[in-house]
file entry_17.cif (mmCIF, C-alpha atoms)
data_final
loop_
_atom_site.group_PDB
_atom_site.id
_atom_site.type_symbol
_atom_site.label_atom_id
_atom_site.label_comp_id
_atom_site.auth_asym_id
_atom_site.auth_seq_id
_atom_site.Cartn_x
_atom_site.Cartn_y
_atom_site.Cartn_z
ATOM 1 C CA MET A 13 2.317 2.008 18.778
ATOM 2 C CA ALA A 14 5.424 0.095 19.778
ATOM 3 C CA TYR A 15 5.818 -0.880 16.122
ATOM 4 C CA LEU A 16 6.709 2.718 15.269
ATOM 5 C CA LYS A 17 9.803 2.444 17.484
ATOM 6 C CA ASN A 18 11.031 -0.650 15.648
ATOM 7 C CA PRO A 19 14.102 0.301 13.539
ATOM 8 C CA ARG A 20 12.899 -1.772 10.576
ATOM 9 C CA VAL A 21 9.515 -0.062 10.588
ATOM 10 C CA GLN A 22 11.192 3.337 10.955
ATOM 11 C CA HIS A 23 13.454 2.563 7.985
ATOM 12 C CA PHE A 24 10.462 1.460 5.883
ATOM 13 C CA LEU A 25 8.437 4.567 6.784
ATOM 14 C CA LYS A 26 11.426 6.828 6.119
ATOM 15 C CA THR A 27 11.947 5.199 2.704
ATOM 16 C CA VAL A 28 8.270 5.550 1.753
ATOM 17 C CA ARG A 29 8.124 9.146 2.984
ATOM 18 C CA SER A 30 11.343 10.120 1.182
ATOM 19 C CA GLN A 31 10.389 8.580 -2.166
ATOM 20 C CA CYS A 32 6.887 10.015 -2.034
ATOM 21 C CA LYS A 33 8.253 13.479 -1.329
ATOM 22 C CA LYS A 34 10.619 13.285 -4.330
ATOM 23 C CA CYS A 35 7.688 12.389 -6.591
ATOM 24 C CA ASN A 36 5.157 14.980 -5.318
ATOM 25 C CA VAL A 37 3.083 12.336 -3.577
ATOM 26 C CA ARG A 38 1.601 13.181 -0.190
ATOM 27 C CA PHE A 39 2.129 10.321 2.264
ATOM 28 C CA THR A 40 -0.330 10.133 5.150
ATOM 29 C CA LEU A 41 -1.014 7.651 7.914
ATOM 30 C CA SER A 42 -4.625 8.551 8.739
ATOM 31 C CA PRO A 43 -5.941 8.179 12.295
ATOM 32 C CA GLY A 44 -9.276 6.678 11.186
ATOM 33 C CA TYR A 45 -10.097 2.992 10.730
ATOM 34 C CA GLU A 46 -10.744 3.597 7.022
ATOM 35 C CA VAL A 47 -10.080 6.339 4.476
ATOM 36 C CA ASN A 48 -12.224 7.755 1.681
ATOM 37 C CA ALA A 49 -11.189 6.922 -1.874
ATOM 38 C CA ASP A 50 -13.499 8.180 -4.613
ATOM 39 C CA GLY A 51 -16.539 7.915 -2.353
ATOM 40 C CA GLU A 52 -15.688 4.436 -1.065
ATOM 41 C CA ARG A 53 -14.240 3.437 2.281
ATOM 42 C CA CYS A 54 -11.049 1.369 2.245
ATOM 43 C CA GLN A 55 -7.883 0.625 4.238
ATOM 44 C CA GLY A 56 -5.587 2.613 1.933
ATOM 45 C CA TYR A 57 -4.935 3.871 -1.579
ATOM 46 C CA PHE A 58 -2.408 5.328 -3.975
ATOM 47 C CA ILE A 59 -3.275 8.006 -6.531
ATOM 48 C CA GLU A 60 -0.605 9.039 -9.009
ATOM 49 C CA PRO A 61 0.247 12.742 -9.326
ATOM 50 C CA TRP A 62 -0.939 14.671 -12.341
ATOM 51 C CA HIS A 63 2.104 16.850 -12.905
ATOM 52 C CA SER A 64 0.790 18.584 -16.024
ATOM 53 C CA ARG A 65 -2.080 19.981 -13.954
ATOM 54 C CA GLY A 66 -0.039 20.610 -10.828
ATOM 55 C CA HIS A 67 -1.870 17.960 -8.786
ATOM 56 C CA TYR A 68 -0.073 16.061 -6.062
ATOM 57 C CA GLY A 69 -0.399 12.316 -5.815
ATOM 58 C CA GLU A 70 -1.424 10.651 -2.597
ATOM 59 C CA LEU A 71 -0.543 7.519 -0.677
ATOM 60 C CA ARG A 72 -2.818 7.197 2.338
ATOM 61 C CA VAL A 73 -3.255 4.349 4.809
ATOM 62 C CA ALA A 74 -5.689 4.084 7.728
ATOM 63 C CA VAL A 75 -4.060 3.102 11.021
ATOM 64 C CA GLY A 76 -6.763 3.834 13.625
ATOM 65 C CA GLY A 77 -8.117 0.846 15.517
ATOM 66 C CA ARG A 78 -6.058 -1.582 13.447
ATOM 67 C CA ARG A 79 -3.192 -3.821 14.466
ATOM 68 C CA ALA A 80 0.137 -2.394 13.354
ATOM 69 C CA SER A 81 0.888 -5.572 11.409
ATOM 70 C CA ASP A 82 -2.343 -5.085 9.428
ATOM 71 C CA TRP A 83 -1.790 -1.451 8.464
ATOM 72 C CA LEU A 84 1.884 -2.124 7.698
ATOM 73 C CA TYR A 85 0.805 -4.762 5.206
ATOM 74 C CA THR A 86 -1.698 -2.330 3.680
ATOM 75 C CA LEU A 87 1.102 0.225 3.431
ATOM 76 C CA ALA A 88 3.334 -2.327 1.672
ATOM 77 C CA HIS A 89 0.510 -2.974 -0.823
ATOM 78 C CA GLU A 90 -0.071 0.709 -1.574
ATOM 79 C CA TYR A 91 3.660 1.379 -1.713
ATOM 80 C CA ALA A 92 3.912 -1.432 -4.280
ATOM 81 C CA HIS A 93 1.401 0.509 -6.432
ATOM 82 C CA PHE A 94 3.531 3.626 -5.976
ATOM 83 C CA LEU A 95 6.661 1.731 -7.084
ATOM 84 C CA GLN A 96 4.822 0.317 -10.118
ATOM 85 C CA TRP A 97 3.837 3.833 -11.132
ATOM 86 C CA MET A 98 7.315 5.249 -10.434
ATOM 87 C CA ARG A 99 9.130 2.703 -12.595
ATOM 88 C CA ASP A 100 6.509 2.913 -15.370
ATOM 89 C CA ASP A 101 5.642 -0.756 -14.950
ATOM 90 C CA PRO A 102 2.996 -1.774 -17.531
ATOM 91 C CA ILE A 103 1.118 -3.663 -14.790
ATOM 92 C CA PHE A 104 0.162 -0.296 -13.220
ATOM 93 C CA LYS A 105 -1.951 0.565 -16.283
ATOM 94 C CA GLU A 106 -3.293 -2.986 -16.626
ATOM 95 C CA LYS A 107 -7.004 -2.998 -17.387
ATOM 96 C CA ASP A 108 -7.409 -6.462 -15.825
ATOM 97 C CA TYR A 109 -7.892 -5.449 -12.199
ATOM 98 C CA VAL A 110 -7.351 -8.983 -10.874
ATOM 99 C CA ALA A 111 -4.009 -9.264 -12.707
ATOM 100 C CA LEU A 112 -2.915 -5.871 -11.334
ATOM 101 C CA GLU A 113 -3.875 -6.694 -7.762
ATOM 102 C CA THR A 114 -2.401 -10.205 -7.905
ATOM 103 C CA GLN A 115 0.943 -8.763 -8.996
ATOM 104 C CA THR A 116 0.704 -6.004 -6.381
ATOM 105 C CA GLU A 117 0.049 -8.529 -3.626
ATOM 106 C CA ALA A 118 3.123 -10.521 -4.656
ATOM 107 C CA GLU A 119 5.181 -7.330 -4.610
ATOM 108 C CA ALA A 120 3.783 -6.325 -1.196
ATOM 109 C CA LEU A 121 4.824 -9.676 0.271
ATOM 110 C CA GLU A 122 8.303 -9.210 -1.206
ATOM 111 C CA LEU A 123 8.542 -5.682 0.260
ATOM 112 C CA CYS A 124 7.692 -7.066 3.698
ATOM 113 C CA ARG A 125 10.500 -9.606 3.323
ATOM 114 C CA THR A 126 12.990 -7.091 1.891
ATOM 115 C CA PHE A 127 12.445 -4.575 4.687
ATOM 116 C CA LYS A 128 12.187 -7.399 7.242
ATOM 117 C CA LEU A 129 9.033 -5.883 8.649
ATOM 118 C CA PRO A 130 7.996 -7.389 11.990
ATOM 119 C CA ILE A 131 4.832 -8.953 10.629
ATOM 120 C CA PRO A 132 4.318 -12.604 11.540
ATOM 121 C CA ARG A 133 4.170 -14.876 8.495
ATOM 122 C CA ARG A 134 0.710 -16.113 9.488
ATOM 123 C CA VAL A 135 -0.546 -12.499 9.486
ATOM 124 C CA LEU A 136 0.980 -11.864 6.045
ATOM 125 C CA LEU A 137 -0.681 -14.961 4.646
ATOM 126 C CA ARG A 138 -4.002 -14.165 6.370
ATOM 127 C CA GLU A 139 -4.078 -10.620 5.010
ATOM 128 C CA HIS A 140 -3.063 -11.821 1.554
ATOM 129 C CA ARG A 141 -5.759 -14.522 1.454
ATOM 130 C CA LYS A 142 -8.398 -12.173 2.863
ATOM 131 C CA TYR A 143 -7.685 -9.553 0.195
ATOM 132 C CA MET A 144 -7.581 -12.050 -2.674
ATOM 133 C CA LYS A 145 -10.875 -13.583 -1.500
ATOM 134 C CA LYS A 146 -12.476 -10.117 -1.330
ATOM 135 C CA LEU A 147 -11.117 -9.333 -4.788
ATOM 136 C CA SER A 148 -12.521 -12.521 -6.311
ATOM 137 C CA ARG A 149 -15.962 -11.803 -4.736
ATOM 138 C CA GLU A 150 -15.960 -8.236 -6.102
ATOM 139 C CA CYS A 151 -14.979 -9.364 -9.590
ATOM 140 C CA ALA A 152 -17.579 -12.147 -9.622
ATOM 141 C CA THR A 153 -20.439 -9.668 -9.255
#
call {"tool": "encode", "arguments": {"input": "entry_17.cif", "output": "structure tokens"}}
result
Amino acid sequence: MAYLKNPRVQHFLKTVRSQCKKCNVRFTLSPGYEVNADGERCQGYFIEPWHSRGHYGELRVAVGGRRASDWLYTLAHEYAHFLQWMRDDPIFKEKDYVALETQTEAEALELCRTFKLPIPRRVLLREHRKYMKKLSRECAT
């Protein structure tokens, strides 16, 4: 996990961890290859807190058996959802799932650039295309 020693990655993780803590969101990098989200297996997820009921939120990303560049991109995507929720962005409540995820992907790419994460451009584009292709297949069925 040489990536974890990279100062840019450390800064990104510290930022995510700090903001999550302030908002009662548990941030976890899970050791498995996938995580459970409502009975489905996925690479990561964000669930908003339900303060009126005393429920914590959760931002969880699977890191086990995955390249650091891959899970970092997943983290950027889920963190983008967190930021949408935190700033009360209308896109977070968007009923059109494709519109929500398209906007989130654009924001994840921007986060990677802003934090100067050590993810090769070809990997960013590959992960982006792979996710958008998966999304279009899911929505077509």
call {"tool": "closest_residue", "arguments": {"input": "entry_17.cif", "among": "A:Arg99, A:Arg29, A:Ala120, A:Gly51", "to": "Glu139 of chain A", "atoms": "only C-alpha atoms"}}
result
A:Ala120
call {"tool": "closest_residue", "arguments": {"input": "entry_17.cif", "among": "A:His23, A:Lys34, A:Lys17, A:Arg79", "to": "Val135 of chain A", "atoms": "only C-alpha atoms"}}
result
A:Arg79
call {"tool": "atom_distance", "arguments": {"input": "entry_17.cif", "atom1": "atom CA of Tyr57 of chain A", "atom2": "atom CA of Trp83 of chain A"}}
result
11.8 Å
call {"tool": "closest_residue", "arguments": {"input": "entry_17.cif", "among": "A:Arg134, A:Phe39, A:Asn18, A:Leu147", "to": "Ala111 of chain A", "atoms": "all atoms listed in the file"}}
result
A:Leu147
call {"tool": "residues_around", "arguments": {"input": "entry_17.cif", "residues": "segment 123-132 of chain A", "least_positions_apart": "6", "cutoff": "7 Å", "atoms": "all atoms listed in the file", "output": "list in words"}}
result
Arg20, Val21, Phe24, Ser81 and Ala88 of chain A
call {"tool": "resolve_selection", "arguments": {"input": "entry_17.cif", "expression": "the PyMOL selection byres ((chain A and resi 90) around 7)", "output": "PDB file with C-alpha atoms, in the frame of the given file"}}
result
ATOM      1  CA  GLY A  56      -5.587   2.613   1.933  1.00  0.00           C
ATOM      2  CA  TYR A  57      -4.935   3.871  -1.579  1.00  0.00           C
ATOM      3  CA  PHE A  58      -2.408   5.328  -3.975  1.00  0.00           C
ATOM      4  CA  LEU A  71      -0.543   7.519  -0.677  1.00  0.00           C
ATOM      5  CA  THR A  86      -1.698  -2.330   3.680  1.00  0.00           C
ATOM      6  CA  LEU A  87       1.102   0.225   3.431  1.00  0.00           C
ATOM      7  CA  ALA A  88       3.334  -2.327   1.672  1.00  0.00           C
ATOM      8  CA  HIS A  89       0.510  -2.974  -0.823  1.00  0.00           C
ATOM      9  CA  TYR A  91       3.660   1.379  -1.713  1.00  0.00           C
ATOM     10  CA  ALA A  92       3.912  -1.432  -4.280  1.00  0.00           C
ATOM     11  CA  HIS A  93       1.401   0.509  -6.432  1.00  0.00           C
ATOM     12  CA  PHE A  94       3.531   3.626  -5.976  1.00  0.00           C
TER      13      PHE A  94
END
call {"tool": "residues_around", "arguments": {"input": "entry_17.cif", "residues": "Glu70 of chain A", "least_positions_apart": "5", "cutoff": "6 Å", "atoms": "only C-alpha atoms", "output": "MDAnalysis selection string"}}
result
chainID A and resid 37:38 58:59
call {"tool": "write_last_selection", "arguments": {"input": "entry_17.cif", "atoms": "C-alpha atoms", "output": "tab-separated table (two decimals), in the coordinates of the input"}}
result
chain	number	residue	atom	x	y	z
A	37	VAL	CA	3.08	12.34	-3.58
A	38	ARG	CA	1.60	13.18	-0.19
A	58	PHE	CA	-2.41	5.33	-3.98
A	59	ILE	CA	-3.28	8.01	-6.53
call {"tool": "resolve_selection", "arguments": {"input": "entry_17.cif", "expression": "the PyMOL selection byres ((chain A and resi 113) around 12)", "output": "ChimeraX atom specification"}}
result
/A:89-90,92-93,96,103-112,114-120,140,143-148,151
call {"tool": "atom_distance", "arguments": {"input": "entry_17.cif", "atom1": "atom CA of Trp97 of chain A", "atom2": "atom CA of Ala49 of chain A"}}
result
17.9 Å
call {"tool": "resolve_selection", "arguments": {"input": "entry_17.cif", "expression": "the PyMOL selection byres ((chain A and resi 73) around 6)", "output": "ChimeraX atom specification"}}
result
/A:41-42,55-56,72,74
call {"tool": "atom_distance", "arguments": {"input": "entry_17.cif", "atom1": "atom CA of Gly66 of chain A", "atom2": "atom CA of Ser30 of chain A"}}
result
19.6 Å
call {"tool": "decode", "arguments": {"input": "entry_17.cif", "residues": "segment 140-152 of chain A", "atoms": "N, CA, C and O atoms", "output": "short mmCIF file (atom, residue, chain, number, x, y, z; two decimals), in the first residue's frame"}}
result
data_model
loop_
_atom_site.label_atom_id
_atom_site.label_comp_id
_atom_site.auth_asym_id
_atom_site.auth_seq_id
_atom_site.Cartn_x
_atom_site.Cartn_y
_atom_site.Cartn_z
N HIS A 140 -14.03 5.45 -15.35
CA HIS A 140 -15.21 6.25 -15.70
C HIS A 140 -16.04 5.56 -16.78
O HIS A 140 -17.26 5.39 -16.63
N ARG A 141 -15.39 5.14 -17.85
CA ARG A 141 -16.11 4.47 -18.95
C ARG A 141 -16.75 3.16 -18.48
O ARG A 141 -17.88 2.85 -18.84
N LYS A 142 -16.00 2.40 -17.69
CA LYS A 142 -16.50 1.12 -17.19
C LYS A 142 -17.77 1.33 -16.36
O LYS A 142 -18.76 0.61 -16.53
N TYR A 143 -17.76 2.33 -15.49
CA TYR A 143 -18.92 2.58 -14.64
C TYR A 143 -20.11 3.08 -15.47
O TYR A 143 -21.23 2.63 -15.26
N MET A 144 -19.86 3.98 -16.40
CA MET A 144 -20.96 4.51 -17.21
C MET A 144 -21.56 3.42 -18.10
O MET A 144 -22.78 3.37 -18.30
N LYS A 145 -20.73 2.51 -18.59
CA LYS A 145 -21.22 1.39 -19.39
C LYS A 145 -22.09 0.47 -18.53
O LYS A 145 -23.17 0.05 -18.94
N LYS A 146 -21.63 0.17 -17.33
CA LYS A 146 -22.39 -0.66 -16.39
C LYS A 146 -23.72 0.01 -16.06
O LYS A 146 -24.77 -0.64 -16.05
N LEU A 147 -23.69 1.30 -15.84
CA LEU A 147 -24.89 2.06 -15.52
C LEU A 147 -25.89 2.01 -16.67
O LEU A 147 -27.09 1.78 -16.44
N SER A 148 -25.43 2.18 -17.88
CA SER A 148 -26.34 2.16 -19.03
C SER A 148 -26.94 0.76 -19.22
O SER A 148 -28.10 0.62 -19.58
N ARG A 149 -26.16 -0.30 -18.94
CA ARG A 149 -26.70 -1.67 -19.03
C ARG A 149 -27.77 -1.89 -17.98
O ARG A 149 -28.82 -2.47 -18.25
N GLU A 150 -27.50 -1.44 -16.74
CA GLU A 150 -28.47 -1.62 -15.65
C GLU A 150 -29.76 -0.88 -15.93
O GLU A 150 -30.85 -1.38 -15.62
N CYS A 151 -29.67 0.30 -16.48
CA CYS A 151 -30.86 1.13 -16.72
C CYS A 151 -31.62 0.66 -17.95
O CYS A 151 -32.81 0.97 -18.10
N ALA A 152 -30.97 -0.10 -18.82
CA ALA A 152 -31.64 -0.59 -20.03
C ALA A 152 -32.53 -1.79 -19.71
O ALA A 152 -33.46 -2.08 -20.45
#
